[in-house]
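Step one of this worksheet: look at the structure below.
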Amino acid sequence: MATGNPYWTVDVGSFFTKNDGRWFYLGEFPDGVKDDAYKEYYTRMFQWGTFLPMLRSHGSDTPREIWRFGEPGTRFYDAILRMINLRYTLIPYIYSMAAMQTLHDYTMARLLAFDFPDDPNVFDIKDQYMFGNIMVCPVTVPEAKSRKVYLPHSSSSEKWIDYWSGTVYEGGGWIDIETPIDRLPLFVRGGSLIPTAQPTEYADAQIGSPITINVYPGRDSEFEFYEDEGDNYNYESGSYTTIPGYAYLPQNHYKDTLGRKECQLQRKEDQHQDLRHSIRKDIENRPINATQKAFMGRVISTFSLSKSCLLRCHYHSEDHMHSLEKTQSCHIMDTIRQMYCIYCVRSRIHL
């Protein structure tokens with residue numbers, strides 16, 4: 001990670017759990033999954049591995065299937081399942097970051113010093129790192145009830161949002177965070193757009209399912225969502241779609257990067273209907289490939305006056321996390337939600 005190498009991982013639970021005396025075979029859990037101490041070790045390591053470019057549960061000496069760690073409703077089983085679901089939830093984000101590595105020389109897992117070179121407090125922090133715009137803080141001490149977390153700051157005002165609770169913190173100080181066995185401390189950097197999907201049993205099961213854009217305020221936000229066919233190398237010849245997204249807060253307008261026109265986004269039903277008709281015609285007239293047309297068709301088929309359009313938006317406010325349904329004053333929500341629907345058909349795409 002310190003080198004910026006974009007793809008690396010670990011064997012979750014350690015490859016060797018037993019100790020046979022050889023210098024490389026020095027495991028500390030000879031009883032494997034029969035030992036609650038190993039179950040905790042594996043669970044914490046799985047939480048860390050969930051936020052590595054590749055998640056790999058692999059090794060010798062002891063089984064590692066989730067059902068070996070207990071029954072549904074028990075603490076280790078539920079904690080591992082929570083991370084499995086979270087990994088699948090973040091597939092759109094992780095896949096898009098993988099594309100950024102290929103297309104733009106990005107690195108998804110980075111030392112804090114890469115992002116905060118002006119904050120000397122991060123230079124020697126070895127147990128926190130950035131995964132995209134999510135700061136990951138693994139729990140490395142057995143039976144830990146809490147851990148200290150440093151929230152970096154930069155030349156501009158820095159905000160951090162607790163991924164689990166939505167609590168907003170100012171950067172530039174230390175905090176104590178509770179760490180029950182099912183909780184990995186995660187903090188999203190203010191000014192982030194994170195696309196997510198519903199968890200599934202395998203990645204291809206997400207095809208055709210809704211994408212939620214999670215908006216974490218704090219600064220102007222941008223992110224390039226990526227999608228391709230997922231099972232071949234056609235992307236190397238340009239068969240993929242990128243959808244650059246922006247959230248300029250708190251302005252109630254949006255201007256697409258092609259400079260066609262400024263889209264004033266308002267909450268009038270006749271404008272919704274006109275917009276839907278306009279987008280549908282735009283899609284029909286575009287010389288796009290099957291992958292792009294299928295994706296855009298998913299957008300228009302669900303774009304309506306309801307609050308569940310395909311590219312749904314969750315706005316994580318600076319006071320607490322709002323869901324779209326619970327937001328009473330949601331003009332910013334509607335702006336961002338409609339902005340993404342418009343941008344799906346008026347964005348820079350590969351034709």
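Chain labels follow the order of the structure tokens: the first chain is A, the next B, and so on; residue numbering restarts at 1 in every chain, and ligands are counted from 1 in their shown order.
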Contacts of Val136 of chain A at 9 Å or less, counting only C-alpha atoms, minus same-chain residues fewer than 4 places along, as a list in words?
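My reading of the contact set: Trp48, Phe51, Asp127, Gln128, Tyr129, Met130, Phe131, Leu184, Pro185, Leu186, Phe187 and Val188 of chain A.
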List every residue of segment 164-204 of chain A that has an atom at most 12 Å from any atom of segment 96-115 of chain A, giving for each one its closest atom pair and the distance in Å to one decimal, counting only C-alpha atoms, sorted by chain and then by ascending residue number, as a Markdown table.
| residue | atom | partner | partner_atom | distance |
| --- | --- | --- | --- | --- |
| A:Arg189 | CA | A:Asp115 | CA | 10.8 |
| A:Leu193 | CA | A:Ser96 | CA | 11.7 |
| A:Ile194 | CA | A:Ser96 | CA | 9.9 |
| A:Pro195 | CA | A:Ser96 | CA | 8.9 |
| A:Thr196 | CA | A:Ser96 | CA | 10.8 |
Write out as a VMD selection string which residues come within 12 Å of Arg64 of chain A when counting only C-alpha atoms, dropping same-chain ones fewer than 2 positions away.
chain A and resid 11 to 15 17 32 to 34 38 to 39 42 to 43 46 56 to 62 66 to 70 77 80
Between A:Gln198, A:Ser221, A:Asn214, A:Ser155, which is the closest to Asn85 of chain A once you count only C-alpha atoms?
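Smallest separation from Asn85 of chain A among the options: A:Gln198.
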Here is a test: counting only C-alpha atoms, which residue of A:Gly230, A:Val139, A:Thr89, A:Gly190 is nearest to Pro210 of chain A?
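Smallest distance to Pro210 of chain A is found for A:Thr89.
Counting only C-alpha atoms, the residue from A:Tyr216, A:Asp118, A:Met54, A:Ala197 that sits nearest to Thr167 of chain A is A:Tyr216.
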Compile the contact shell of Leu81 of chain A as a PDB file with all heavy atoms, in the first residue's frame: residues with an atom at most 12 Å away, counting only C-alpha atoms, same-chain residues fewer than 2 positions apart removed.
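Result file is around08.pdb:
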ATOM      1  N   THR A  43     -12.711 -12.765  11.935  1.00  0.00           N
ATOM      2  CA  THR A  43     -13.749 -11.760  11.700  1.00  0.00           C
ATOM      3  C   THR A  43     -13.140 -10.380  11.514  1.00  0.00           C
ATOM      4  O   THR A  43     -13.493  -9.636  10.588  1.00  0.00           O
ATOM      5  CB  THR A  43     -14.751 -11.741  12.858  1.00  0.00           C
ATOM      6  OG1 THR A  43     -15.360 -13.040  12.973  1.00  0.00           O
ATOM      7  CG2 THR A  43     -15.826 -10.692  12.639  1.00  0.00           C
ATOM      8  N   PHE A  46     -11.364 -10.271   8.241  1.00  0.00           N
ATOM      9  CA  PHE A  46     -12.318 -10.214   7.145  1.00  0.00           C
ATOM     10  C   PHE A  46     -12.835  -8.785   6.956  1.00  0.00           C
ATOM     11  O   PHE A  46     -13.023  -8.323   5.832  1.00  0.00           O
ATOM     12  CB  PHE A  46     -13.488 -11.165   7.411  1.00  0.00           C
ATOM     13  CG  PHE A  46     -14.307 -11.474   6.186  1.00  0.00           C
ATOM     14  CD1 PHE A  46     -14.111 -12.636   5.472  1.00  0.00           C
ATOM     15  CD2 PHE A  46     -15.278 -10.588   5.741  1.00  0.00           C
ATOM     16  CE1 PHE A  46     -14.860 -12.922   4.332  1.00  0.00           C
ATOM     17  CE2 PHE A  46     -16.027 -10.852   4.608  1.00  0.00           C
ATOM     18  CZ  PHE A  46     -15.819 -12.027   3.896  1.00  0.00           C
ATOM     19  N   GLN A  47     -13.054  -8.099   8.066  1.00  0.00           N
ATOM     20  CA  GLN A  47     -13.481  -6.696   7.979  1.00  0.00           C
ATOM     21  C   GLN A  47     -12.428  -5.869   7.250  1.00  0.00           C
ATOM     22  O   GLN A  47     -12.773  -5.030   6.391  1.00  0.00           O
ATOM     23  CB  GLN A  47     -13.730  -6.146   9.394  1.00  0.00           C
ATOM     24  CG  GLN A  47     -14.931  -6.752  10.080  1.00  0.00           C
ATOM     25  CD  GLN A  47     -15.040  -6.359  11.542  1.00  0.00           C
ATOM     26  OE1 GLN A  47     -14.062  -5.888  12.150  1.00  0.00           O
ATOM     27  NE2 GLN A  47     -16.205  -6.552  12.130  1.00  0.00           N
ATOM     28  N   THR A  50     -12.346  -6.722   3.507  1.00  0.00           N
ATOM     29  CA  THR A  50     -13.472  -6.186   2.748  1.00  0.00           C
ATOM     30  C   THR A  50     -13.101  -4.881   2.060  1.00  0.00           C
ATOM     31  O   THR A  50     -13.659  -4.537   1.015  1.00  0.00           O
ATOM     32  CB  THR A  50     -14.676  -5.959   3.685  1.00  0.00           C
ATOM     33  OG1 THR A  50     -15.059  -7.219   4.247  1.00  0.00           O
ATOM     34  CG2 THR A  50     -15.865  -5.353   2.950  1.00  0.00           C
ATOM     35  N   GLU A  65     -15.474 -21.460   5.679  1.00  0.00           N
ATOM     36  CA  GLU A  65     -16.824 -21.112   5.256  1.00  0.00           C
ATOM     37  C   GLU A  65     -17.556 -20.419   6.402  1.00  0.00           C
ATOM     38  O   GLU A  65     -17.336 -20.720   7.580  1.00  0.00           O
ATOM     39  CB  GLU A  65     -17.605 -22.353   4.820  1.00  0.00           C
ATOM     40  CG  GLU A  65     -17.029 -23.080   3.617  1.00  0.00           C
ATOM     41  CD  GLU A  65     -15.982 -24.116   3.990  1.00  0.00           C
ATOM     42  OE1 GLU A  65     -15.594 -24.171   5.179  1.00  0.00           O
ATOM     43  OE2 GLU A  65     -15.545 -24.856   3.098  1.00  0.00           O
ATOM     44  N   ILE A  66     -18.465 -19.507   6.049  1.00  0.00           N
ATOM     45  CA  ILE A  66     -19.118 -18.696   7.066  1.00  0.00           C
ATOM     46  C   ILE A  66     -19.864 -19.541   8.082  1.00  0.00           C
ATOM     47  O   ILE A  66     -19.907 -19.215   9.282  1.00  0.00           O
ATOM     48  CB  ILE A  66     -20.058 -17.653   6.415  1.00  0.00           C
ATOM     49  CG1 ILE A  66     -20.640 -16.720   7.476  1.00  0.00           C
ATOM     50  CG2 ILE A  66     -21.127 -18.322   5.578  1.00  0.00           C
ATOM     51  CD1 ILE A  66     -21.456 -15.580   6.917  1.00  0.00           C
ATOM     52  N   TRP A  67     -20.462 -20.658   7.649  1.00  0.00           N
ATOM     53  CA  TRP A  67     -21.233 -21.471   8.595  1.00  0.00           C
ATOM     54  C   TRP A  67     -20.351 -22.196   9.605  1.00  0.00           C
ATOM     55  O   TRP A  67     -20.848 -22.748  10.582  1.00  0.00           O
ATOM     56  CB  TRP A  67     -22.110 -22.476   7.840  1.00  0.00           C
ATOM     57  CG  TRP A  67     -21.359 -23.395   6.909  1.00  0.00           C
ATOM     58  CD1 TRP A  67     -20.752 -24.568   7.219  1.00  0.00           C
ATOM     59  CD2 TRP A  67     -21.147 -23.196   5.508  1.00  0.00           C
ATOM     60  NE1 TRP A  67     -20.167 -25.118   6.118  1.00  0.00           N
ATOM     61  CE2 TRP A  67     -20.403 -24.302   5.043  1.00  0.00           C
ATOM     62  CE3 TRP A  67     -21.528 -22.202   4.604  1.00  0.00           C
ATOM     63  CZ2 TRP A  67     -20.020 -24.440   3.706  1.00  0.00           C
ATOM     64  CZ3 TRP A  67     -21.155 -22.338   3.281  1.00  0.00           C
ATOM     65  CH2 TRP A  67     -20.412 -23.435   2.844  1.00  0.00           C
ATOM     66  N   PHE A  69     -18.422 -20.622  11.494  1.00  0.00           N
ATOM     67  CA  PHE A  69     -18.212 -19.643  12.558  1.00  0.00           C
ATOM     68  C   PHE A  69     -19.453 -19.436  13.426  1.00  0.00           C
ATOM     69  O   PHE A  69     -19.474 -18.562  14.286  1.00  0.00           O
ATOM     70  CB  PHE A  69     -17.768 -18.311  11.953  1.00  0.00           C
ATOM     71  CG  PHE A  69     -16.395 -18.380  11.340  1.00  0.00           C
ATOM     72  CD1 PHE A  69     -16.208 -18.890  10.061  1.00  0.00           C
ATOM     73  CD2 PHE A  69     -15.278 -17.956  12.056  1.00  0.00           C
ATOM     74  CE1 PHE A  69     -14.939 -18.968   9.501  1.00  0.00           C
ATOM     75  CE2 PHE A  69     -14.010 -18.038  11.509  1.00  0.00           C
ATOM     76  CZ  PHE A  69     -13.839 -18.548  10.235  1.00  0.00           C
ATOM     77  N   GLY A  70     -20.471 -20.258  13.214  1.00  0.00           N
ATOM     78  CA  GLY A  70     -21.667 -20.154  14.031  1.00  0.00           C
ATOM     79  C   GLY A  70     -22.925 -20.232  13.183  1.00  0.00           C
ATOM     80  O   GLY A  70     -22.874 -20.413  11.962  1.00  0.00           O
ATOM     81  N   GLU A  71     -24.044 -20.092  13.837  1.00  0.00           N
ATOM     82  CA  GLU A  71     -25.339 -20.098  13.170  1.00  0.00           C
ATOM     83  C   GLU A  71     -25.803 -18.659  12.944  1.00  0.00           C
ATOM     84  O   GLU A  71     -25.335 -17.731  13.609  1.00  0.00           O
ATOM     85  CB  GLU A  71     -26.366 -20.829  14.041  1.00  0.00           C
ATOM     86  CG  GLU A  71     -26.017 -22.282  14.325  1.00  0.00           C
ATOM     87  CD  GLU A  71     -26.135 -23.139  13.074  1.00  0.00           C
ATOM     88  OE1 GLU A  71     -26.933 -22.772  12.193  1.00  0.00           O
ATOM     89  OE2 GLU A  71     -25.433 -24.171  13.004  1.00  0.00           O
ATOM     90  N   PRO A  72     -26.741 -18.454  12.002  1.00  0.00           N
ATOM     91  CA  PRO A  72     -27.335 -17.115  11.874  1.00  0.00           C
ATOM     92  C   PRO A  72     -27.894 -16.641  13.206  1.00  0.00           C
ATOM     93  O   PRO A  72     -28.539 -17.398  13.925  1.00  0.00           O
ATOM     94  CB  PRO A  72     -28.460 -17.332  10.843  1.00  0.00           C
ATOM     95  CG  PRO A  72     -27.990 -18.495  10.024  1.00  0.00           C
ATOM     96  CD  PRO A  72     -27.264 -19.390  10.986  1.00  0.00           C
ATOM     97  N   GLY A  73     -27.580 -15.394  13.545  1.00  0.00           N
ATOM     98  CA  GLY A  73     -27.988 -14.860  14.834  1.00  0.00           C
ATOM     99  C   GLY A  73     -26.899 -14.885  15.880  1.00  0.00           C
ATOM    100  O   GLY A  73     -27.050 -14.284  16.946  1.00  0.00           O
ATOM    101  N   THR A  74     -25.773 -15.560  15.580  1.00  0.00           N
ATOM    102  CA  THR A  74     -24.639 -15.544  16.501  1.00  0.00           C
ATOM    103  C   THR A  74     -23.647 -14.473  16.045  1.00  0.00           C
ATOM    104  O   THR A  74     -23.619 -14.078  14.882  1.00  0.00           O
ATOM    105  CB  THR A  74     -23.945 -16.916  16.570  1.00  0.00           C
ATOM    106  OG1 THR A  74     -23.500 -17.294  15.252  1.00  0.00           O
ATOM    107  CG2 THR A  74     -24.924 -17.975  17.077  1.00  0.00           C
ATOM    108  N   ARG A  75     -22.817 -14.015  16.963  1.00  0.00           N
ATOM    109  CA  ARG A  75     -22.064 -12.780  16.722  1.00  0.00           C
ATOM    110  C   ARG A  75     -21.036 -12.876  15.603  1.00  0.00           C
ATOM    111  O   ARG A  75     -20.911 -11.955  14.785  1.00  0.00           O
ATOM    112  CB  ARG A  75     -21.412 -12.287  18.015  1.00  0.00           C
ATOM    113  CG  ARG A  75     -20.403 -13.233  18.644  1.00  0.00           C
ATOM    114  CD  ARG A  75     -19.954 -12.718  20.000  1.00  0.00           C
ATOM    115  NE  ARG A  75     -18.841 -13.485  20.541  1.00  0.00           N
ATOM    116  CZ  ARG A  75     -17.700 -12.944  20.964  1.00  0.00           C
ATOM    117  NH1 ARG A  75     -17.532 -11.639  20.901  1.00  0.00           N
ATOM    118  NH2 ARG A  75     -16.742 -13.692  21.450  1.00  0.00           N
ATOM    119  N   PHE A  76     -20.288 -13.977  15.530  1.00  0.00           N
ATOM    120  CA  PHE A  76     -19.269 -14.051  14.487  1.00  0.00           C
ATOM    121  C   PHE A  76     -19.905 -14.257  13.117  1.00  0.00           C
ATOM    122  O   PHE A  76     -19.500 -13.622  12.133  1.00  0.00           O
ATOM    123  CB  PHE A  76     -18.266 -15.172  14.787  1.00  0.00           C
ATOM    124  CG  PHE A  76     -17.481 -14.957  16.045  1.00  0.00           C
ATOM    125  CD1 PHE A  76     -17.530 -15.862  17.091  1.00  0.00           C
ATOM    126  CD2 PHE A  76     -16.687 -13.830  16.199  1.00  0.00           C
ATOM    127  CE1 PHE A  76     -16.811 -15.673  18.254  1.00  0.00           C
ATOM    128  CE2 PHE A  76     -15.950 -13.617  17.359  1.00  0.00           C
ATOM    129  CZ  PHE A  76     -16.029 -14.548  18.402  1.00  0.00           C
ATOM    130  N   TYR A  77     -20.888 -15.124  13.045  1.00  0.00           N
ATOM    131  CA  TYR A  77     -21.583 -15.351  11.779  1.00  0.00           C
ATOM    132  C   TYR A  77     -22.189 -14.051  11.260  1.00  0.00           C
ATOM    133  O   TYR A  77     -22.001 -13.682  10.095  1.00  0.00           O
ATOM    134  CB  TYR A  77     -22.674 -16.409  11.973  1.00  0.00           C
ATOM    135  CG  TYR A  77     -23.444 -16.746  10.717  1.00  0.00           C
ATOM    136  CD1 TYR A  77     -23.144 -17.901   9.995  1.00  0.00           C
ATOM    137  CD2 TYR A  77     -24.484 -15.935  10.254  1.00  0.00           C
ATOM    138  CE1 TYR A  77     -23.852 -18.224   8.838  1.00  0.00           C
ATOM    139  CE2 TYR A  77     -25.184 -16.244   9.105  1.00  0.00           C
ATOM    140  CZ  TYR A  77     -24.873 -17.386   8.400  1.00  0.00           C
ATOM    141  OH  TYR A  77     -25.575 -17.698   7.258  1.00  0.00           O
ATOM    142  N   ASP A  78     -22.906 -13.360  12.129  1.00  0.00           N
ATOM    143  CA  ASP A  78     -23.577 -12.131  11.694  1.00  0.00           C
ATOM    144  C   ASP A  78     -22.585 -11.042  11.311  1.00  0.00           C
ATOM    145  O   ASP A  78     -22.822 -10.263  10.374  1.00  0.00           O
ATOM    146  CB  ASP A  78     -24.511 -11.618  12.794  1.00  0.00           C
ATOM    147  CG  ASP A  78     -25.768 -12.463  12.920  1.00  0.00           C
ATOM    148  OD1 ASP A  78     -25.957 -13.395  12.112  1.00  0.00           O
ATOM    149  OD2 ASP A  78     -26.573 -12.192  13.842  1.00  0.00           O
ATOM    150  N   ALA A  79     -21.461 -10.958  12.042  1.00  0.00           N
ATOM    151  CA  ALA A  79     -20.457  -9.941  11.730  1.00  0.00           C
ATOM    152  C   ALA A  79     -19.819 -10.203  10.369  1.00  0.00           C
ATOM    153  O   ALA A  79     -19.596  -9.267   9.584  1.00  0.00           O
ATOM    154  CB  ALA A  79     -19.389  -9.905  12.817  1.00  0.00           C
ATOM    155  N   MET A  83     -20.221  -7.984   6.591  1.00  0.00           N
ATOM    156  CA  MET A  83     -19.143  -7.530   5.714  1.00  0.00           C
ATOM    157  C   MET A  83     -19.302  -8.078   4.294  1.00  0.00           C
ATOM    158  O   MET A  83     -19.003  -7.380   3.311  1.00  0.00           O
ATOM    159  CB  MET A  83     -17.787  -7.942   6.282  1.00  0.00           C
ATOM    160  CG  MET A  83     -17.376  -7.176   7.517  1.00  0.00           C
ATOM    161  SD  MET A  83     -17.130  -5.399   7.192  1.00  0.00           S
ATOM    162  CE  MET A  83     -18.579  -4.733   8.024  1.00  0.00           C
ATOM    163  N   ILE A  84     -19.766  -9.319   4.176  1.00  0.00           N
ATOM    164  CA  ILE A  84     -20.017  -9.863   2.837  1.00  0.00           C
ATOM    165  C   ILE A  84     -21.044  -9.000   2.121  1.00  0.00           C
ATOM    166  O   ILE A  84     -20.865  -8.612   0.957  1.00  0.00           O
ATOM    167  CB  ILE A  84     -20.503 -11.323   2.931  1.00  0.00           C
ATOM    168  CG1 ILE A  84     -19.375 -12.223   3.446  1.00  0.00           C
ATOM    169  CG2 ILE A  84     -21.003 -11.812   1.565  1.00  0.00           C
ATOM    170  CD1 ILE A  84     -19.806 -13.653   3.717  1.00  0.00           C
ATOM    171  N   ASN A  85     -22.123  -8.676   2.820  1.00  0.00           N
ATOM    172  CA  ASN A  85     -23.163  -7.838   2.209  1.00  0.00           C
ATOM    173  C   ASN A  85     -22.639  -6.447   1.874  1.00  0.00           C
ATOM    174  O   ASN A  85     -22.996  -5.874   0.835  1.00  0.00           O
ATOM    175  CB  ASN A  85     -24.364  -7.730   3.147  1.00  0.00           C
ATOM    176  CG  ASN A  85     -25.173  -9.012   3.203  1.00  0.00           C
ATOM    177  OD1 ASN A  85     -25.129  -9.829   2.278  1.00  0.00           O
ATOM    178  ND2 ASN A  85     -25.914  -9.213   4.282  1.00  0.00           N
ATOM    179  N   LEU A  86     -21.781  -5.911   2.743  1.00  0.00           N
ATOM    180  CA  LEU A  86     -21.234  -4.583   2.482  1.00  0.00           C
ATOM    181  C   LEU A  86     -20.327  -4.608   1.257  1.00  0.00           C
ATOM    182  O   LEU A  86     -20.345  -3.676   0.437  1.00  0.00           O
ATOM    183  CB  LEU A  86     -20.466  -4.080   3.707  1.00  0.00           C
ATOM    184  CG  LEU A  86     -19.848  -2.687   3.599  1.00  0.00           C
ATOM    185  CD1 LEU A  86     -20.901  -1.647   3.229  1.00  0.00           C
ATOM    186  CD2 LEU A  86     -19.162  -2.304   4.916  1.00  0.00           C
ATOM    187  N   ARG A  87     -19.543  -5.650   1.112  1.00  0.00           N
ATOM    188  CA  ARG A  87     -18.674  -5.755  -0.064  1.00  0.00           C
ATOM    189  C   ARG A  87     -19.509  -5.758  -1.344  1.00  0.00           C
ATOM    190  O   ARG A  87     -19.187  -5.050  -2.314  1.00  0.00           O
ATOM    191  CB  ARG A  87     -17.826  -7.022   0.021  1.00  0.00           C
ATOM    192  CG  ARG A  87     -16.880  -7.239  -1.163  1.00  0.00           C
ATOM    193  CD  ARG A  87     -15.679  -6.324  -1.126  1.00  0.00           C
ATOM    194  NE  ARG A  87     -14.761  -6.578  -2.228  1.00  0.00           N
ATOM    195  CZ  ARG A  87     -13.515  -6.144  -2.295  1.00  0.00           C
ATOM    196  NH1 ARG A  87     -13.023  -5.413  -1.321  1.00  0.00           N
ATOM    197  NH2 ARG A  87     -12.745  -6.427  -3.322  1.00  0.00           N
ATOM    198  N   TYR A  88     -20.574  -6.537  -1.359  1.00  0.00           N
ATOM    199  CA  TYR A  88     -21.429  -6.563  -2.548  1.00  0.00           C
ATOM    200  C   TYR A  88     -22.164  -5.247  -2.737  1.00  0.00           C
ATOM    201  O   TYR A  88     -22.397  -4.808  -3.862  1.00  0.00           O
ATOM    202  CB  TYR A  88     -22.404  -7.735  -2.478  1.00  0.00           C
ATOM    203  CG  TYR A  88     -21.789  -9.034  -2.939  1.00  0.00           C
ATOM    204  CD1 TYR A  88     -21.293  -9.964  -2.024  1.00  0.00           C
ATOM    205  CD2 TYR A  88     -21.672  -9.326  -4.290  1.00  0.00           C
ATOM    206  CE1 TYR A  88     -20.714 -11.142  -2.443  1.00  0.00           C
ATOM    207  CE2 TYR A  88     -21.081 -10.499  -4.721  1.00  0.00           C
ATOM    208  CZ  TYR A  88     -20.608 -11.410  -3.792  1.00  0.00           C
ATOM    209  OH  TYR A  88     -20.010 -12.569  -4.220  1.00  0.00           O
ATOM    210  N   ILE A 181     -17.984  -6.297  17.800  1.00  0.00           N
ATOM    211  CA  ILE A 181     -17.419  -7.248  16.857  1.00  0.00           C
ATOM    212  C   ILE A 181     -17.979  -7.076  15.448  1.00  0.00           C
ATOM    213  O   ILE A 181     -17.316  -7.439  14.467  1.00  0.00           O
ATOM    214  CB  ILE A 181     -17.642  -8.692  17.353  1.00  0.00           C
ATOM    215  CG1 ILE A 181     -16.849  -9.709  16.513  1.00  0.00           C
ATOM    216  CG2 ILE A 181     -19.123  -9.030  17.365  1.00  0.00           C
ATOM    217  CD1 ILE A 181     -15.349  -9.517  16.565  1.00  0.00           C
ATOM    218  N   ASP A 182     -19.164  -6.506  15.315  1.00  0.00           N
ATOM    219  CA  ASP A 182     -19.737  -6.339  13.983  1.00  0.00           C
ATOM    220  C   ASP A 182     -19.498  -4.947  13.403  1.00  0.00           C
ATOM    221  O   ASP A 182     -20.125  -4.575  12.408  1.00  0.00           O
ATOM    222  CB  ASP A 182     -21.243  -6.633  14.003  1.00  0.00           C
ATOM    223  CG  ASP A 182     -22.023  -5.621  14.836  1.00  0.00           C
ATOM    224  OD1 ASP A 182     -21.389  -4.906  15.644  1.00  0.00           O
ATOM    225  OD2 ASP A 182     -23.252  -5.562  14.688  1.00  0.00           O
ATOM    226  N   ARG A 183     -18.598  -4.183  13.981  1.00  0.00           N
ATOM    227  CA  ARG A 183     -18.405  -2.805  13.559  1.00  0.00           C
ATOM    228  C   ARG A 183     -16.942  -2.528  13.228  1.00  0.00           C
ATOM    229  O   ARG A 183     -16.062  -2.619  14.088  1.00  0.00           O
ATOM    230  CB  ARG A 183     -18.866  -1.845  14.657  1.00  0.00           C
ATOM    231  CG  ARG A 183     -18.784  -0.366  14.303  1.00  0.00           C
ATOM    232  CD  ARG A 183     -19.789   0.035  13.260  1.00  0.00           C
ATOM    233  NE  ARG A 183     -21.157  -0.164  13.702  1.00  0.00           N
ATOM    234  CZ  ARG A 183     -21.880   0.741  14.370  1.00  0.00           C
ATOM    235  NH1 ARG A 183     -21.347   1.910  14.677  1.00  0.00           N
ATOM    236  NH2 ARG A 183     -23.125   0.480  14.708  1.00  0.00           N
ATOM    237  N   PRO A 199     -27.130  -5.789  -1.870  1.00  0.00           N
ATOM    238  CA  PRO A 199     -26.253  -6.966  -1.819  1.00  0.00           C
ATOM    239  C   PRO A 199     -26.907  -8.156  -2.512  1.00  0.00           C
ATOM    240  O   PRO A 199     -28.123  -8.338  -2.460  1.00  0.00           O
ATOM    241  CB  PRO A 199     -26.072  -7.218  -0.323  1.00  0.00           C
ATOM    242  CG  PRO A 199     -27.244  -6.555   0.337  1.00  0.00           C
ATOM    243  CD  PRO A 199     -27.569  -5.369  -0.521  1.00  0.00           C
ATOM    244  N   THR A 200     -26.092  -8.948  -3.180  1.00  0.00           N
ATOM    245  CA  THR A 200     -26.562 -10.127  -3.890  1.00  0.00           C
ATOM    246  C   THR A 200     -25.624 -11.291  -3.588  1.00  0.00           C
ATOM    247  O   THR A 200     -24.587 -11.122  -2.952  1.00  0.00           O
ATOM    248  CB  THR A 200     -26.594  -9.875  -5.409  1.00  0.00           C
ATOM    249  OG1 THR A 200     -25.310  -9.386  -5.839  1.00  0.00           O
ATOM    250  CG2 THR A 200     -27.662  -8.845  -5.767  1.00  0.00           C
ATOM    251  N   GLU A 201     -25.983 -12.482  -4.069  1.00  0.00           N
ATOM    252  CA  GLU A 201     -25.155 -13.656  -3.814  1.00  0.00           C
ATOM    253  C   GLU A 201     -23.939 -13.711  -4.730  1.00  0.00           C
ATOM    254  O   GLU A 201     -22.960 -14.381  -4.414  1.00  0.00           O
ATOM    255  CB  GLU A 201     -25.987 -14.923  -3.962  1.00  0.00           C
ATOM    256  CG  GLU A 201     -27.041 -15.086  -2.864  1.00  0.00           C
ATOM    257  CD  GLU A 201     -27.725 -16.433  -2.930  1.00  0.00           C
ATOM    258  OE1 GLU A 201     -27.382 -17.235  -3.834  1.00  0.00           O
ATOM    259  OE2 GLU A 201     -28.592 -16.692  -2.082  1.00  0.00           O
TER     260      GLU A 201
END
Please compute the atom CA of Cys137 of chain A-atom CA of Gly173 of chain A distance, one decimal, in Å.
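So the two atoms, atom CA of Cys137 of chain A and atom CA of Gly173 of chain A, lie 14.8 Å apart.
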Looking at A:Tyr233, A:Tyr41, A:Tyr240, A:Phe116, which one is nearest to Pro142 of chain A, with distances taken over only C-alpha atoms?
A:Tyr41
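Atom pair atom CA of Ile243 of chain A / atom CA of Ser157 of chain A: separated by 27.8 Å.
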Enumerate, as a PyMOL selection string, the complete set of residues in segment 8-138 of chain A that a backbone-based DSSP assignment places in strand (DSSP E or B).
chain A and resi 19+26+109-111+129-131+134-136
Output as number ranges by chain all residues of segment 4-134 of chain A that backbone DSSP marks as helix (DSSP H, G or I).
A: 32-34, 36-49, 66-69, 75-89, 91-104, 112-115, 120-122
